[in-house]
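Undergrad: Take a look at this one; I'll ask things after.
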Amino acid sequence: MRALLFRDLALAVKAGGGFGLSLAFFLIVVVLVPFGVGPDTGVLREVATGVLWVGALLACLLSLDRIFQLDYEDGSLDLLVTSPLPLEGLVAVKALAHWLTTGLPLTLVAPILGVLLNLDPSGFGWIVASLALGTPALSMIGTFGAALTVGLKRGGLLLSLLVLPLYVPTLIFGAETVRRAVDGFDNTTPLLMLSGITLGTLAILPFAAAAAIRINLR
Amino acid sequence: MPMSIWEYANPKKFMQTSSAVLPWVAGLTVICLVVGLVWGFFFTPDDFRQGSTVKIIYVHVPSAMMAINVWVMMLVTSLIWIIRRHHVSVLAAKAAAPIGATMTVIALFTGAIWGQPMWGTWWEWDPRLTSFLILFLFYLGYIALWSAIENSDTAADLTSILCLVGSVFAVLSRYAAQFWNQGLHQGATLSLDKEENISDVFYYPLLFCLAGFVLLFVTLLLIRTRTEIRSRRLKALRLRERMA
């Protein structure tokens, strides 16, 4: 399993995978927003949390179809499925690799982009915390979506349509965690809910994703 | 007469029974809808605060109820397919999805028309409205996945899994939306455990409308499932012809 993880990481970083691409996409989304809503710092401060979360979510979405598609096309997915490793664990490792190459970097650059959006000073710690807690759920849900669409020729658009509604609860609680902190309210509840969603998806979705892959490779 | 649902896993049996039942269900649908809507629209008093706009309730509430219940029905039929490979069951789920999506749109539209004079806005990010919009997205995803996969058994399996996972997330979204924004929407109009619902003048025609919408759904579902079975037969026939 560790070998698989390192292989996926190496592929993502070296072979021009989604690694730099999703970060660049995140940057562009954040840069475009002020052009859309105007340069008023007050307005930007209002929407900063939401823009960062939605931007991170879309950047996450961008690299999802790479999780299984290349392995499926060159046949290595068949090898992985027939290997003695449990498929559920394999799916979880794939999600972990996706998170390490997408979710984690996004989390780390979010406060820097927060400066561009004039994010409230009290929000910087919370945006990192909420993204760190929430992006694993985004990766896992995305892996499930990728598993559903792995056999399809043009799965990319369909993947977005399937995955985005599933992202709603994570987005709501993630952004709410930061927003409440910025507004000076207690944010324990959304924080706990966000953690709960992440842990729940990590516990359940590997099984659903593994089942989907088995069906697709039948 | 056998009453087990497994009897109807045989498409032929299903076709026979459904063709016998269909005219009756369709007839009842027309009666209930005509009685309910005519009674509701023309023979009930205007509400003293809402005026005649209150009459949208006869379309809004039944369609909203069906929007949710159709998804629940799809969940159940998908489960039956996953557990026991009931072929007609999964086709029924496939047939139900567009009806459910339409019901959701009707509920959202009538809600907007009602909301404009009452709340002064067509749309409000109220938890109920928001979760209906999300439910609509779930329907779209489900329908899109069905149409994207060619092999029908693979499609049936994958959409069933999506339906199960989607149900969990749909419920989660509902509560997340409730947490996220307190809304303008009133509480439940009808509930089983309350002593008093809305007043009787409105209640009885509403019951007819509810029954009418349920029957309408059953009618459409039977027709659509029959169409699905026929189109599968046609596909099989074409394949056989090509082989010969």
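Order determines the names: the first chain of the structure tokens is A, the second B, and so forth; residues in each chain are numbered 1 upward, and ligands are numbered 1 upward as they are shown.
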Quick one: which chain B residues come within 6 Å of chain A, and what is the nearest atom pair for each with the distance in Å to one decimal, counting only C-alpha atoms, rows ordered by chain and ascending number, as CSV?

TA:
```
residue,atom,partner,partner_atom,distance
B:Gly141,CA,A:Leu162,CA,5.0
B:Phe169,CA,A:Leu166,CA,5.9
B:Ser173,CA,A:Pro169,CA,5.0
B:Ala176,CA,A:Pro169,CA,5.6
```

Undergrad: Please provide the set of residues having any atom within 12 Å of segment 235-243 of chain B, restricted to only C-alpha atoms, with same-chain residues fewer than 6 positions apart removed, written as number ranges by chain.

TA: B: 150-152, 228-229

Undergrad: What does the structure give for the distance between atom CA of Leu4 of chain A and atom CA of Leu145 of chain B, in Å to one decimal?

TA: 29.2 Å

Undergrad: Quick one: pull the distance between atom CA of Ala137 of chain A and atom CA of Ile82 of chain B, Å, one decimal.

TA: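 Pair atom CA of Ala137 of chain A / atom CA of Ile82 of chain B returns 25.5 Å.
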
Undergrad: Can you work out which one of B:Leu222, B:Ala107, B:Leu137, B:Asn181 has the shortest atom-to-atom distance to Glu124 of chain B, counting only C-alpha atoms?

TA: B:Asn181

Undergrad: Excluding Gly123 of chain A and residues on its chain fewer than 6 positions from it, collect all residues at most 12 Å away from it, counting only C-alpha atoms, and give them as JSON, numbers by chain.

TA: {"A": [45, 46, 48, 49, 50, 52, 110, 111, 112, 114, 115, 117, 129, 130, 131, 175, 176, 177, 178, 179, 180, 181, 182, 183, 184, 187]}

Undergrad: The selected residues should be written to file as an mmCIF file, in the first residue's frame (atoms: N, CA and C atoms).

TA:
```cif
data_model
loop_
_atom_site.group_PDB
_atom_site.id
_atom_site.type_symbol
_atom_site.label_atom_id
_atom_site.label_comp_id
_atom_site.auth_asym_id
_atom_site.auth_seq_id
_atom_site.Cartn_x
_atom_site.Cartn_y
_atom_site.Cartn_z
ATOM 1 N N ARG A 45 -13.812 41.440 1.841
ATOM 2 C CA ARG A 45 -13.699 40.824 3.152
ATOM 3 C C ARG A 45 -14.941 39.972 3.458
ATOM 4 N N GLU A 46 -16.107 40.506 3.057
ATOM 5 C CA GLU A 46 -17.368 39.783 3.285
ATOM 6 C C GLU A 46 -17.348 38.419 2.610
ATOM 7 N N ALA A 48 -14.722 36.741 1.311
ATOM 8 C CA ALA A 48 -13.437 36.038 1.262
ATOM 9 C C ALA A 48 -13.551 34.559 1.645
ATOM 10 N N THR A 49 -14.200 34.295 2.779
ATOM 11 C CA THR A 49 -14.314 32.920 3.256
ATOM 12 C C THR A 49 -14.962 32.033 2.204
ATOM 13 N N GLY A 50 -16.092 32.498 1.708
ATOM 14 C CA GLY A 50 -16.836 31.696 0.746
ATOM 15 C C GLY A 50 -16.037 31.461 -0.518
ATOM 16 N N LEU A 52 -12.778 31.470 -0.898
ATOM 17 C CA LEU A 52 -11.676 30.529 -0.650
ATOM 18 C C LEU A 52 -12.194 29.097 -0.617
ATOM 19 N N ALA A 110 -4.073 28.682 1.056
ATOM 20 C CA ALA A 110 -5.306 29.438 1.281
ATOM 21 C C ALA A 110 -5.086 30.740 2.064
ATOM 22 N N PRO A 111 -4.286 30.722 3.165
ATOM 23 C CA PRO A 111 -4.107 32.003 3.877
ATOM 24 C C PRO A 111 -3.394 33.055 3.031
ATOM 25 N N ILE A 112 -2.487 32.612 2.159
ATOM 26 C CA ILE A 112 -1.786 33.591 1.303
ATOM 27 C C ILE A 112 -2.794 34.254 0.359
ATOM 28 N N GLY A 114 -5.831 34.431 0.979
ATOM 29 C CA GLY A 114 -6.714 35.182 1.870
ATOM 30 C C GLY A 114 -6.284 36.633 1.975
ATOM 31 N N VAL A 115 -4.979 36.869 1.917
ATOM 32 C CA VAL A 115 -4.468 38.239 1.960
ATOM 33 C C VAL A 115 -5.001 39.026 0.759
ATOM 34 N N LEU A 117 -7.693 38.627 -0.735
ATOM 35 C CA LEU A 117 -9.126 38.896 -0.598
ATOM 36 C C LEU A 117 -9.436 39.703 0.653
ATOM 37 N N ALA A 129 -7.527 25.623 9.375
ATOM 38 C CA ALA A 129 -8.075 24.509 10.151
ATOM 39 C C ALA A 129 -9.256 23.873 9.434
ATOM 40 N N SER A 130 -10.192 24.724 8.927
ATOM 41 C CA SER A 130 -11.387 24.146 8.321
ATOM 42 C C SER A 130 -11.055 23.436 7.019
ATOM 43 N N LEU A 131 -10.130 23.990 6.233
ATOM 44 C CA LEU A 131 -9.752 23.310 4.991
ATOM 45 C C LEU A 131 -9.013 22.011 5.303
ATOM 46 N N ALA A 175 -17.335 26.448 5.452
ATOM 47 C CA ALA A 175 -17.359 27.906 5.346
ATOM 48 C C ALA A 175 -17.980 28.527 6.592
ATOM 49 N N GLU A 176 -18.973 27.843 7.158
ATOM 50 C CA GLU A 176 -19.648 28.364 8.342
ATOM 51 C C GLU A 176 -18.682 28.438 9.540
ATOM 52 N N THR A 177 -17.783 27.447 9.626
ATOM 53 C CA THR A 177 -16.797 27.450 10.706
ATOM 54 C C THR A 177 -15.998 28.753 10.698
ATOM 55 N N VAL A 178 -15.510 29.113 9.507
ATOM 56 C CA VAL A 178 -14.698 30.322 9.398
ATOM 57 C C VAL A 178 -15.551 31.566 9.602
ATOM 58 N N ARG A 179 -16.735 31.573 8.976
ATOM 59 C CA ARG A 179 -17.560 32.769 9.024
ATOM 60 C C ARG A 179 -17.955 33.099 10.452
ATOM 61 N N ARG A 180 -18.300 32.060 11.215
ATOM 62 C CA ARG A 180 -18.696 32.321 12.602
ATOM 63 C C ARG A 180 -17.533 32.865 13.410
ATOM 64 N N ALA A 181 -16.337 32.298 13.143
ATOM 65 C CA ALA A 181 -15.173 32.770 13.884
ATOM 66 C C ALA A 181 -14.908 34.243 13.571
ATOM 67 N N VAL A 182 -15.020 34.591 12.293
ATOM 68 C CA VAL A 182 -14.765 35.973 11.871
ATOM 69 C C VAL A 182 -15.790 36.920 12.486
ATOM 70 N N ASP A 183 -17.053 36.459 12.530
ATOM 71 C CA ASP A 183 -18.105 37.314 13.086
ATOM 72 C C ASP A 183 -18.114 37.306 14.611
ATOM 73 N N GLY A 184 -17.197 36.564 15.203
ATOM 74 C CA GLY A 184 -17.107 36.565 16.651
ATOM 75 C C GLY A 184 -18.091 35.656 17.360
ATOM 76 N N ASN A 187 -17.928 28.759 17.173
ATOM 77 C CA ASN A 187 -18.027 27.916 15.980
ATOM 78 C C ASN A 187 -17.778 26.433 16.269
#
```

Undergrad: Can you check which residues of segment 64-209 of chain A DSSP gives as alpha helix (DSSP H) on the backbone and send them as a ChimeraX atom specification?

TA: /A:66-73,76-82,87-98,104-116,123-148,155-182,188-209

Undergrad: Got a sec: who's within 9 Å of Thr121 of chain B, counting only C-alpha atoms, leaving out chain neighbours fewer than 5 positions off, as a PyMOL selection string?

TA: chain B and resi 112+115-116

Undergrad: If we count only C-alpha atoms, what is near Leu79 of chain B at a cut-off of 12 Å, once residues fewer than 4 positions away on the same chain are taken out, given as an mmCIF file with N, CA and C atoms, in the first residue's frame?

TA:
```cif
data_model
loop_
_atom_site.group_PDB
_atom_site.id
_atom_site.type_symbol
_atom_site.label_atom_id
_atom_site.label_comp_id
_atom_site.auth_asym_id
_atom_site.auth_seq_id
_atom_site.Cartn_x
_atom_site.Cartn_y
_atom_site.Cartn_z
ATOM 1 N N VAL B 72 -37.459 8.560 -2.177
ATOM 2 C CA VAL B 72 -37.505 7.452 -1.220
ATOM 3 C C VAL B 72 -37.859 6.158 -1.935
ATOM 4 N N MET B 73 -38.838 6.251 -2.864
ATOM 5 C CA MET B 73 -39.215 5.063 -3.619
ATOM 6 C C MET B 73 -38.023 4.552 -4.438
ATOM 7 N N MET B 74 -37.257 5.481 -5.030
ATOM 8 C CA MET B 74 -36.084 5.070 -5.806
ATOM 9 C C MET B 74 -35.060 4.402 -4.903
ATOM 10 N N LEU B 75 -34.931 4.929 -3.690
ATOM 11 C CA LEU B 75 -33.997 4.331 -2.731
ATOM 12 C C LEU B 75 -34.393 2.890 -2.432
ATOM 13 N N ILE B 83 -29.849 -5.945 -3.504
ATOM 14 C CA ILE B 83 -29.864 -7.125 -2.635
ATOM 15 C C ILE B 83 -30.302 -8.366 -3.399
ATOM 16 N N ARG B 84 -31.376 -8.229 -4.173
ATOM 17 C CA ARG B 84 -31.915 -9.451 -4.759
ATOM 18 C C ARG B 84 -32.031 -9.438 -6.283
ATOM 19 N N ARG B 85 -31.449 -8.482 -6.968
ATOM 20 C CA ARG B 85 -31.483 -8.484 -8.435
ATOM 21 C C ARG B 85 -32.893 -8.597 -9.005
ATOM 22 N N HIS B 86 -33.737 -7.676 -8.582
ATOM 23 C CA HIS B 86 -35.102 -7.645 -9.074
ATOM 24 C C HIS B 86 -35.104 -6.723 -10.290
ATOM 25 N N HIS B 87 -35.217 -7.297 -11.513
ATOM 26 C CA HIS B 87 -34.968 -6.498 -12.705
ATOM 27 C C HIS B 87 -35.988 -5.394 -12.936
ATOM 28 N N SER B 89 -37.624 -3.880 -10.649
ATOM 29 C CA SER B 89 -37.469 -2.898 -9.583
ATOM 30 C C SER B 89 -36.530 -1.771 -10.008
ATOM 31 N N VAL B 90 -35.387 -2.153 -10.573
ATOM 32 C CA VAL B 90 -34.417 -1.112 -10.926
ATOM 33 C C VAL B 90 -34.911 -0.291 -12.113
ATOM 34 N N ALA B 93 -37.054 2.315 -10.750
ATOM 35 C CA ALA B 93 -36.280 3.436 -10.209
ATOM 36 C C ALA B 93 -35.852 4.369 -11.335
ATOM 37 N N ALA B 156 -27.385 -0.065 -13.951
ATOM 38 C CA ALA B 156 -28.309 -0.303 -12.845
ATOM 39 C C ALA B 156 -27.556 -0.368 -11.524
ATOM 40 N N ASP B 157 -26.426 -1.089 -11.513
ATOM 41 C CA ASP B 157 -25.646 -1.211 -10.277
ATOM 42 C C ASP B 157 -25.097 0.126 -9.825
ATOM 43 N N LEU B 158 -24.493 0.847 -10.766
ATOM 44 C CA LEU B 158 -23.836 2.102 -10.381
ATOM 45 C C LEU B 158 -24.845 3.149 -9.934
ATOM 46 N N THR B 159 -25.969 3.239 -10.663
ATOM 47 C CA THR B 159 -26.959 4.239 -10.249
ATOM 48 C C THR B 159 -27.559 3.874 -8.893
ATOM 49 N N SER B 160 -27.688 2.579 -8.626
ATOM 50 C CA SER B 160 -28.221 2.188 -7.322
ATOM 51 C C SER B 160 -27.277 2.623 -6.208
ATOM 52 N N ILE B 161 -25.972 2.410 -6.428
ATOM 53 C CA ILE B 161 -24.999 2.851 -5.424
ATOM 54 C C ILE B 161 -25.078 4.368 -5.250
ATOM 55 N N LEU B 162 -25.162 5.079 -6.380
ATOM 56 C CA LEU B 162 -25.271 6.536 -6.305
ATOM 57 C C LEU B 162 -26.511 6.943 -5.526
ATOM 58 N N CYS B 163 -27.600 6.226 -5.736
ATOM 59 C CA CYS B 163 -28.859 6.546 -5.045
ATOM 60 C C CYS B 163 -28.684 6.365 -3.540
ATOM 61 N N LEU B 164 -28.027 5.275 -3.133
ATOM 62 C CA LEU B 164 -27.829 5.039 -1.699
ATOM 63 C C LEU B 164 -26.957 6.135 -1.089
ATOM 64 N N VAL B 165 -25.801 6.364 -1.694
ATOM 65 C CA VAL B 165 -24.890 7.382 -1.157
ATOM 66 C C VAL B 165 -25.557 8.756 -1.218
ATOM 67 N N SER B 167 -28.668 9.490 -1.063
ATOM 68 C CA SER B 167 -29.701 9.657 -0.039
ATOM 69 C C SER B 167 -29.094 10.148 1.264
#
```

Undergrad: For atom CA of Val150 of chain A and atom CA of Leu91 of chain B, quote the distance in Å rounded to one decimal.

TA: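 The value is 22.8 Å.
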
Undergrad: Using only C-alpha atoms, which protein or nucleic acid residues come within 12 Å of segment 125-132 of chain B? Drop anything in the same chain fewer than 6 positions from it, and give the result as a PyMOL selection string.

TA: (chain A and resi 165+168-169+172) or (chain B and resi 63-68+71+100-112+115+119+138-139+169-188)

Undergrad: Gly36 of chain B: which residues within 9 Å, counting only C-alpha atoms, same-chain residues fewer than 2 positions away excluded, as a list in words?

TA: Ile31, Cys32, Leu33, Val34, Val38, Trp39, Gly40, Phe41, Tyr58, Tyr204, Pro205, Leu206, Leu207, Phe208, Cys209, Leu210, Ala211 and Gly212 of chain B
